[in-house]
$ cat work.txt   # compact mmCIF, C-alpha atoms
# COMPACT_ATOMS: atom_id res chain seq x y z
CA MET L 167 4.32 57.72 -18.25
CA SER L 168 1.68 57.97 -20.93
CA HIS L 169 2.31 59.03 -24.48
CA THR L 170 0.30 57.17 -27.09
CA ALA L 171 -0.46 59.87 -29.65
CA GLY L 172 1.66 61.50 -32.35
CA PRO L 173 5.32 62.50 -32.06
CA LEU L 174 6.54 65.53 -30.14
CA VAL L 175 9.58 67.64 -31.02
CA LEU L 176 10.45 69.77 -27.99
CA ILE L 177 13.25 72.31 -28.53
CA GLY L 178 15.28 74.23 -25.96
CA GLY L 179 15.05 77.47 -27.95
CA ALA L 180 17.49 79.35 -30.19
CA GLU L 181 17.44 76.48 -32.70
CA ASP L 182 19.64 76.77 -35.78
CA LYS L 183 17.73 78.75 -38.42
CA VAL L 184 20.56 79.52 -40.86
CA GLY L 185 22.84 76.45 -41.06
CA GLY L 186 21.90 72.80 -41.37
CA ARG L 187 18.63 73.41 -39.49
CA VAL L 188 18.73 69.79 -38.30
CA ILE L 189 15.93 70.12 -35.75
CA LEU L 190 13.50 72.10 -37.89
CA SER L 191 14.20 69.76 -40.82
CA ARG L 192 13.30 66.77 -38.66
CA PHE L 193 10.05 68.43 -37.63
CA VAL L 194 9.15 69.04 -41.28
CA GLN L 195 9.98 65.42 -42.12
CA LEU L 196 7.69 64.15 -39.35
CA ALA L 197 4.94 66.49 -40.58
CA GLY L 198 5.02 64.99 -44.07
CA GLY L 199 7.97 66.62 -45.84
CA GLN L 200 7.01 68.31 -49.09
CA GLN L 201 3.38 67.36 -48.54
CA ALA L 202 3.29 68.81 -45.03
CA ARG L 203 0.73 71.38 -43.94
CA ILE L 204 2.13 73.18 -40.90
CA ALA L 205 0.13 75.37 -38.54
CA ILE L 206 2.29 77.93 -36.71
CA ILE L 207 0.98 79.23 -33.40
CA ALA L 208 3.05 82.22 -32.22
CA THR L 209 0.69 83.25 -29.42
CA ALA L 210 3.46 83.05 -26.79
CA SER L 211 5.43 85.82 -28.51
CA SER L 212 4.95 89.55 -28.01
CA LEU L 213 5.80 89.87 -31.72
CA GLN L 214 3.32 87.28 -32.94
CA ASP L 215 3.04 88.38 -36.58
CA LEU L 216 6.79 88.84 -37.05
CA VAL L 217 7.66 85.52 -35.42
CA GLY L 218 4.94 83.69 -37.31
CA ARG L 219 6.19 85.02 -40.64
CA ARG L 220 9.77 84.10 -39.78
CA TYR L 221 8.91 80.47 -39.11
CA ALA L 222 6.66 80.36 -42.17
CA THR L 223 9.62 81.46 -44.30
CA LEU L 224 11.84 78.83 -42.69
CA PHE L 225 9.38 75.99 -43.21
CA ARG L 226 8.78 76.98 -46.83
CA ALA L 227 12.55 77.05 -47.39
CA LEU L 228 12.67 73.50 -46.03
CA GLY L 229 10.21 72.41 -48.71
CA THR L 230 6.88 72.51 -46.89
CA ALA L 231 3.98 72.63 -49.34
CA HIS L 232 1.63 74.70 -47.20
CA VAL L 233 2.06 76.86 -44.09
CA ASP L 234 -0.70 78.53 -42.05
CA ILE L 235 0.04 81.26 -39.52
CA VAL L 236 -2.67 80.75 -36.92
CA ARG L 237 -3.51 84.21 -35.65
CA VAL L 238 -4.60 83.92 -32.01
CA LEU L 239 -3.99 87.16 -30.14
CA ASP L 240 -6.56 86.67 -27.39
CA ARG L 241 -9.06 84.18 -25.98
CA SER L 242 -11.89 85.36 -28.21
CA GLN L 243 -9.85 84.50 -31.31
CA SER L 244 -9.05 81.09 -29.77
CA GLN L 245 -12.75 80.26 -30.08
CA GLU L 246 -13.16 81.34 -33.71
CA ASP L 247 -13.73 79.06 -36.70
CA LEU L 248 -10.69 80.06 -38.78
CA PRO L 249 -7.86 79.26 -36.34
CA ALA L 250 -9.58 76.03 -35.27
CA ALA L 251 -9.95 75.02 -38.92
CA GLN L 252 -6.31 75.83 -39.70
CA VAL L 253 -5.11 73.59 -36.86
CA ALA L 254 -7.60 70.86 -37.79
CA ALA L 255 -6.27 70.77 -41.36
CA SER L 256 -2.61 70.55 -40.32
CA SER L 257 -0.18 67.64 -40.48
CA GLY L 258 2.18 69.44 -38.09
CA ILE L 259 1.60 72.02 -35.36
CA PHE L 260 4.42 74.32 -34.24
CA LEU L 261 4.34 76.40 -31.05
CA THR L 262 6.89 79.22 -31.01
CA GLY L 263 8.79 80.73 -28.11
CA GLY L 264 7.89 83.68 -25.93
CA ASP L 265 6.01 83.42 -22.64
CA GLN L 266 4.53 80.01 -21.85
CA LEU L 267 2.13 81.50 -19.29
CA LYS L 268 0.73 83.80 -21.96
CA LEU L 269 0.34 80.84 -24.31
CA THR L 270 -1.66 78.74 -21.86
CA ALA L 271 -3.66 81.72 -20.54
CA VAL L 272 -4.82 82.52 -24.08
CA LEU L 273 -5.37 78.95 -25.33
CA GLY L 274 -6.42 77.06 -22.21
CA GLY L 275 -9.98 75.71 -22.38
CA THR L 276 -10.60 77.02 -25.92
CA ARG L 277 -11.44 75.42 -29.28
CA VAL L 278 -7.89 75.85 -30.53
CA ALA L 279 -6.43 74.01 -27.55
CA ASP L 280 -9.00 71.23 -27.97
CA VAL L 281 -8.14 70.85 -31.66
CA ILE L 282 -4.39 70.76 -30.91
CA ARG L 283 -5.00 67.83 -28.55
CA GLN L 284 -7.34 66.12 -31.02
CA ARG L 285 -4.86 66.36 -33.89
CA HIS L 286 -2.01 65.15 -31.70
CA ALA L 287 -4.14 62.21 -30.50
CA ALA L 288 -4.78 61.41 -34.18
CA GLY L 289 -1.04 61.11 -34.82
CA VAL L 290 -0.06 64.63 -35.91
CA VAL L 291 3.38 65.84 -34.82
CA VAL L 292 3.51 68.81 -32.46
CA GLY L 293 6.69 70.86 -32.16
CA GLY L 294 7.45 73.50 -29.58
CA THR L 295 10.47 75.70 -29.04
CA SER L 296 11.37 77.48 -25.81
CA ALA L 297 8.02 78.48 -24.24
CA GLY L 298 6.27 76.15 -26.68
CA ALA L 299 8.30 73.21 -25.37
CA SER L 300 7.47 73.92 -21.73
CA ALA L 301 3.76 74.43 -22.46
CA ALA L 302 3.38 71.09 -24.27
CA ALA L 303 3.48 69.04 -21.06
CA GLU L 304 0.64 68.60 -18.61
CA HIS L 305 2.70 70.18 -15.83
CA MET L 306 4.39 73.41 -16.91
CA LEU L 307 7.15 75.51 -15.41
CA ALA L 308 5.28 78.81 -15.56
CA TYR L 309 8.21 80.93 -14.40
CA GLY L 310 11.15 80.82 -12.02
CA ALA L 311 14.67 81.91 -11.16
CA SER L 312 18.04 80.73 -12.44
CA GLY L 313 20.71 79.18 -10.27
CA LEU L 314 22.56 75.95 -9.56
CA SER L 315 21.24 75.38 -6.05
CA PRO L 316 17.63 74.20 -5.79
CA ARG L 317 15.51 76.41 -3.54
CA ARG L 318 11.90 75.93 -2.53
CA SER L 319 10.53 79.16 -4.04
CA MET L 320 12.60 79.37 -7.24
CA MET L 321 9.86 78.08 -9.56
CA GLN L 322 6.09 78.00 -10.01
CA PHE L 323 3.96 75.39 -11.71
CA GLY L 324 1.11 76.02 -14.10
CA PRO L 325 -1.12 73.70 -16.13
CA GLY L 326 0.16 73.08 -19.65
CA LEU L 327 -1.51 71.74 -22.78
CA GLY L 328 -1.34 68.13 -21.60
CA LEU L 329 0.34 66.53 -24.63
CA LEU L 330 2.89 64.73 -22.44
CA HIS L 331 2.19 63.45 -18.95
CA ASP L 332 4.34 62.89 -15.85
CA VAL L 333 7.12 65.19 -17.03
CA VAL L 334 8.11 68.83 -16.62
CA VAL L 335 10.14 70.51 -19.38
CA ASP L 336 12.59 73.40 -18.99
CA GLN L 337 14.39 75.18 -21.84
CA HIS L 338 17.44 77.40 -22.49
CA PHE L 339 18.70 75.06 -19.80
CA GLY L 340 22.49 75.40 -19.78
CA ALA L 341 22.63 78.95 -21.14
CA ARG L 342 20.38 80.32 -18.38
CA GLY L 343 21.54 78.11 -15.51
CA ARG L 344 18.22 76.41 -14.81
CA VAL L 345 19.36 73.16 -13.20
CA GLY L 346 18.30 74.34 -9.73
CA ARG L 347 14.73 75.10 -10.69
CA LEU L 348 14.29 71.80 -12.54
CA MET L 349 15.53 69.91 -9.47
CA THR L 350 13.15 71.97 -7.36
CA ALA L 351 10.26 71.08 -9.67
CA VAL L 352 11.01 67.37 -9.37
CA ALA L 353 11.42 67.66 -5.60
CA HIS L 354 7.89 69.08 -5.38
CA ASN L 355 6.60 65.77 -6.73
CA PRO L 356 9.20 63.07 -7.50
CA GLU L 357 6.69 61.28 -9.72
CA LEU L 358 7.50 63.92 -12.34
CA LEU L 359 10.50 63.43 -14.61
CA GLY L 360 12.45 66.62 -15.33
CA ILE L 361 13.69 67.29 -18.88
CA GLY L 362 16.13 70.18 -19.32
CA LEU L 363 16.75 71.21 -22.95
CA ASP L 364 19.83 73.14 -24.02
CA GLU L 365 19.56 75.72 -26.78
CA ASP L 366 19.63 74.33 -30.34
CA THR L 367 18.82 70.93 -28.84
CA ALA L 368 15.60 68.95 -28.93
CA VAL L 369 13.99 65.71 -27.89
CA GLU L 370 11.89 63.74 -30.32
CA VAL L 371 9.35 61.74 -28.35
CA GLN L 372 7.65 58.86 -30.12
CA PRO L 373 4.85 56.80 -28.59
CA PRO L 374 4.76 55.14 -26.16
CA GLY L 375 7.61 57.24 -24.75
CA ALA L 376 10.80 56.69 -26.72
CA LEU L 377 12.86 59.88 -26.47
CA THR L 378 15.79 60.66 -28.81
CA VAL L 379 18.08 63.68 -28.54
CA ILE L 380 18.68 65.90 -31.61
CA GLY L 381 20.96 68.91 -31.97
CA ARG L 382 24.14 70.53 -30.72
CA GLY L 383 23.81 70.59 -26.96
CA SER L 384 22.69 68.21 -24.26
CA VAL L 385 19.50 67.15 -22.54
CA THR L 386 19.48 66.75 -18.76
CA ILE L 387 17.09 64.21 -17.30
CA VAL L 388 16.27 64.61 -13.59
CA ASP L 389 14.66 61.52 -12.05
CA GLY L 390 13.33 61.79 -8.50
CA ALA L 391 11.61 58.41 -8.30
CA GLY L 392 14.37 56.99 -6.10
CA MET L 393 14.64 60.01 -3.80
CA SER L 394 14.92 58.91 -0.18
CA HIS L 395 14.68 62.35 1.47
CA THR L 396 13.94 66.01 0.82
CA ASP L 397 13.12 68.84 3.21
CA ILE L 398 11.17 70.92 0.66
CA HIS L 399 8.02 70.79 2.79
CA SER L 400 9.64 72.05 5.99
CA ILE L 401 12.05 74.86 5.08
CA PRO L 402 11.52 78.60 4.46
CA ASP L 403 10.67 79.63 0.91
CA HIS L 404 14.10 80.97 -0.04
CA ALA L 405 16.16 78.30 1.73
CA PRO L 406 18.23 75.78 -0.27
CA LEU L 407 16.86 72.25 -0.52
CA THR L 408 18.34 69.04 0.77
CA ILE L 409 17.78 66.09 -1.58
CA PHE L 410 19.03 62.50 -1.26
CA ASN L 411 19.37 60.08 -4.19
CA MET L 412 18.09 62.18 -7.07
CA ARG L 413 19.32 60.63 -10.35
CA VAL L 414 20.63 62.82 -13.18
CA HIS L 415 21.40 61.74 -16.76
CA VAL L 416 23.01 63.95 -19.40
CA LEU L 417 22.33 62.87 -23.00
CA THR L 418 23.65 64.22 -26.28
CA SER L 419 22.65 63.80 -29.92
CA GLY L 420 21.57 60.28 -30.81
CA TYR L 421 21.26 59.03 -27.24
CA ARG L 422 17.86 57.73 -26.23
CA TYR L 423 15.75 57.51 -23.10
CA ASP L 424 12.71 55.38 -22.31
CA LEU L 425 10.16 57.51 -20.47
CA GLU L 426 8.17 54.43 -19.43
CA THR L 427 11.03 52.60 -17.71
CA ARG L 428 13.16 55.70 -16.96
CA THR L 429 16.16 54.09 -18.63
CA PRO L 430 18.86 55.71 -20.83
CA HIS L 431 20.07 53.89 -23.94
CA LEU L 432 22.99 54.12 -26.33
CA PRO L 433 22.48 55.51 -29.85
CA ASN L 434 21.14 53.20 -32.55
CA ALA L 435 23.63 54.51 -35.10
CA ALA L 436 26.88 56.44 -35.37
CA ARG L 437 26.66 59.74 -33.52
CA TRP L 438 26.44 63.13 -35.21
CA TYR L 439 28.95 65.64 -33.85
CA PRO L 440 28.11 69.32 -34.36
CA GLU L 441 30.45 71.97 -35.59
CA GLU L 442 32.33 73.73 -32.83
CA GLY L 443 30.27 76.24 -30.87
CA LEU L 444 26.60 77.08 -30.76
CA ILE L 445 24.71 79.33 -33.09
CA GLY L 446 23.37 82.29 -31.17
CA GLY L 447 19.81 83.44 -31.43
CA GLU L 448 17.08 85.47 -29.87
CA GLY L 449 15.79 82.51 -27.92
CA ILE L 450 12.22 82.80 -29.18
$ encode --input "work.txt" --output "structure tokens"
Amino acid sequence: MSHTAGPLVLIGGAEDKVGGRVILSRFVQLAGGQQARIAIIATASSLQDLVGRRYATLFRALGTAHVDIVRVLDRSQSQEDLPAAQVAASSGIFLTGGDQLKLTAVLGGTRVADVIRQRHAAGVVVGGTSAGASAAAEHMLAYGASGLSPRRSMMQFGPGLGLLHDVVVDQHFGARGRVGRLMTAVAHNPELLGIGLDEDTAVEVQPPGALTVIGRGSVTIVDGAGMSHTDIHSIPDHAPLTIFNMRVHVLTSGYRYDLETRTPHLPNAARWYPEEGLIGGEGI
């Protein structure tokens, strides 16, 4: 596992935008608090301008000094001076929800993608919610089906932005029943560590790979390193998988996980317990 750059805040989508806003507040804090300059990239959304303005309003309400909405509708804009300069000037980069395949298809191999990686390597925090969380990793769940039982053809990989290696991230995890497809992803290559993020739940990843859970739900870690058998390579596409000795951890707010050693840890401090129930949202 390799993560030696700035922090990551990866969110399962539908994060609290009207209450305590614990996750978004933590992102702002990591970006510099009142002195932060946040670049919002809403390329994944079909409503890019609306979504960008919504997050800009939220970050300003949380005390951010300066917010840029990085307008990148297509690949030609991803090569232009203005969006690259906005990202280069940022102390925090935020990728909104939508369609992760759209996000990578528009940004991949462009100046904006290069500058995102450069700023992150320089220590700048990158946050991503829903599609933005999945796209942050090197290996991305491009699309797939819901379901509890892992099946060979229920998911497809795509190349992500490469900010986090040796993991695959899924989002809206519990709400959309995605445990099967995350297990399938790990079964494809057990070197990958699967991270399933519930809604209004995030992981903060600090170098060199210290992961801490934030928010109301849980984070599911799927570890295939100790797998002793799978038949994924020999069954029909829609058949259910057989898997031996796949490890699963379920972590809640405050619990930690070491991505280098693949080891869960107890919280450092007293746990925060959310109010009863989840706050609904559009999942963007």
$ closest_residue --input "work.txt" --among "L:Ser242, L:Ser257, L:Ser319, L:Ser191" --to "Gly275 (chain L)" --atoms "only C-alpha atoms"
L:Ser242
$ closest_residue --input "work.txt" --among "L:Val281, L:Leu363, L:Val238, L:Ala302" --to "Ile380 (chain L)" --atoms "only C-alpha atoms"
L:Leu363
$ residues_near_point --input "work.txt" --point "(24.9, 56.1, -19.3)" --cutoff "12 Å" --atoms "all atoms listed in the file" --output "number ranges by chain"
L: 386-387, 413-418, 421-423, 428-433
$ closest_residue --input "work.txt" --among "L:Gly420, L:Gly199, L:Pro406, L:Gly310" --to "Ala435 (chain L)" --atoms "only C-alpha atoms"
L:Gly420
$ closest_atom_pairs --input "work.txt" --of "region 237-302 of chain L" --to "region 336-341 of chain L" --cutoff "9 Å" --atoms "all atoms listed in the file" --output "CSV"
residue,atom,partner,partner_atom,distance
L:Thr295,CA,L:Gln337,CA,8.2
L:Ser296,CA,L:Gln337,CA,5.5
L:Ala297,CA,L:Gln337,CA,7.6
L:Ala299,CA,L:Gln337,CA,7.3
L:Ser300,CA,L:Asp336,CA,5.8
$ atom_distance --input "work.txt" --atom1 "CA of Ser315 (chain L)" --atom2 "CA of Gly392 (chain L)"
19.6 Å
$ atom_distance --input "work.txt" --atom1 "CA of Ser256 (chain L)" --atom2 "CA of Val334 (chain L)"
26.1 Å
$ residues_near_point --input "work.txt" --point "(11.9, 74.7, -45.7)" --cutoff "10 Å" --atoms "only C-alpha atoms" --output "list in words"
Arg187, Leu190, Ser191, Val194, Gly199, Gln200, Tyr221, Ala222, Thr223, Leu224, Phe225, Arg226, Ala227, Leu228, Gly229, Thr230 and Ala231 of chain L
$ atom_distance --input "work.txt" --atom1 "CA of Gly178 (chain L)" --atom2 "CA of His404 (chain L)"
26.8 Å
$ closest_residue --input "work.txt" --among "L:Val352, L:Ala287, L:Ala303, L:Leu377" --to "Ala391 (chain L)" --atoms "all atoms listed in the file"
L:Val352
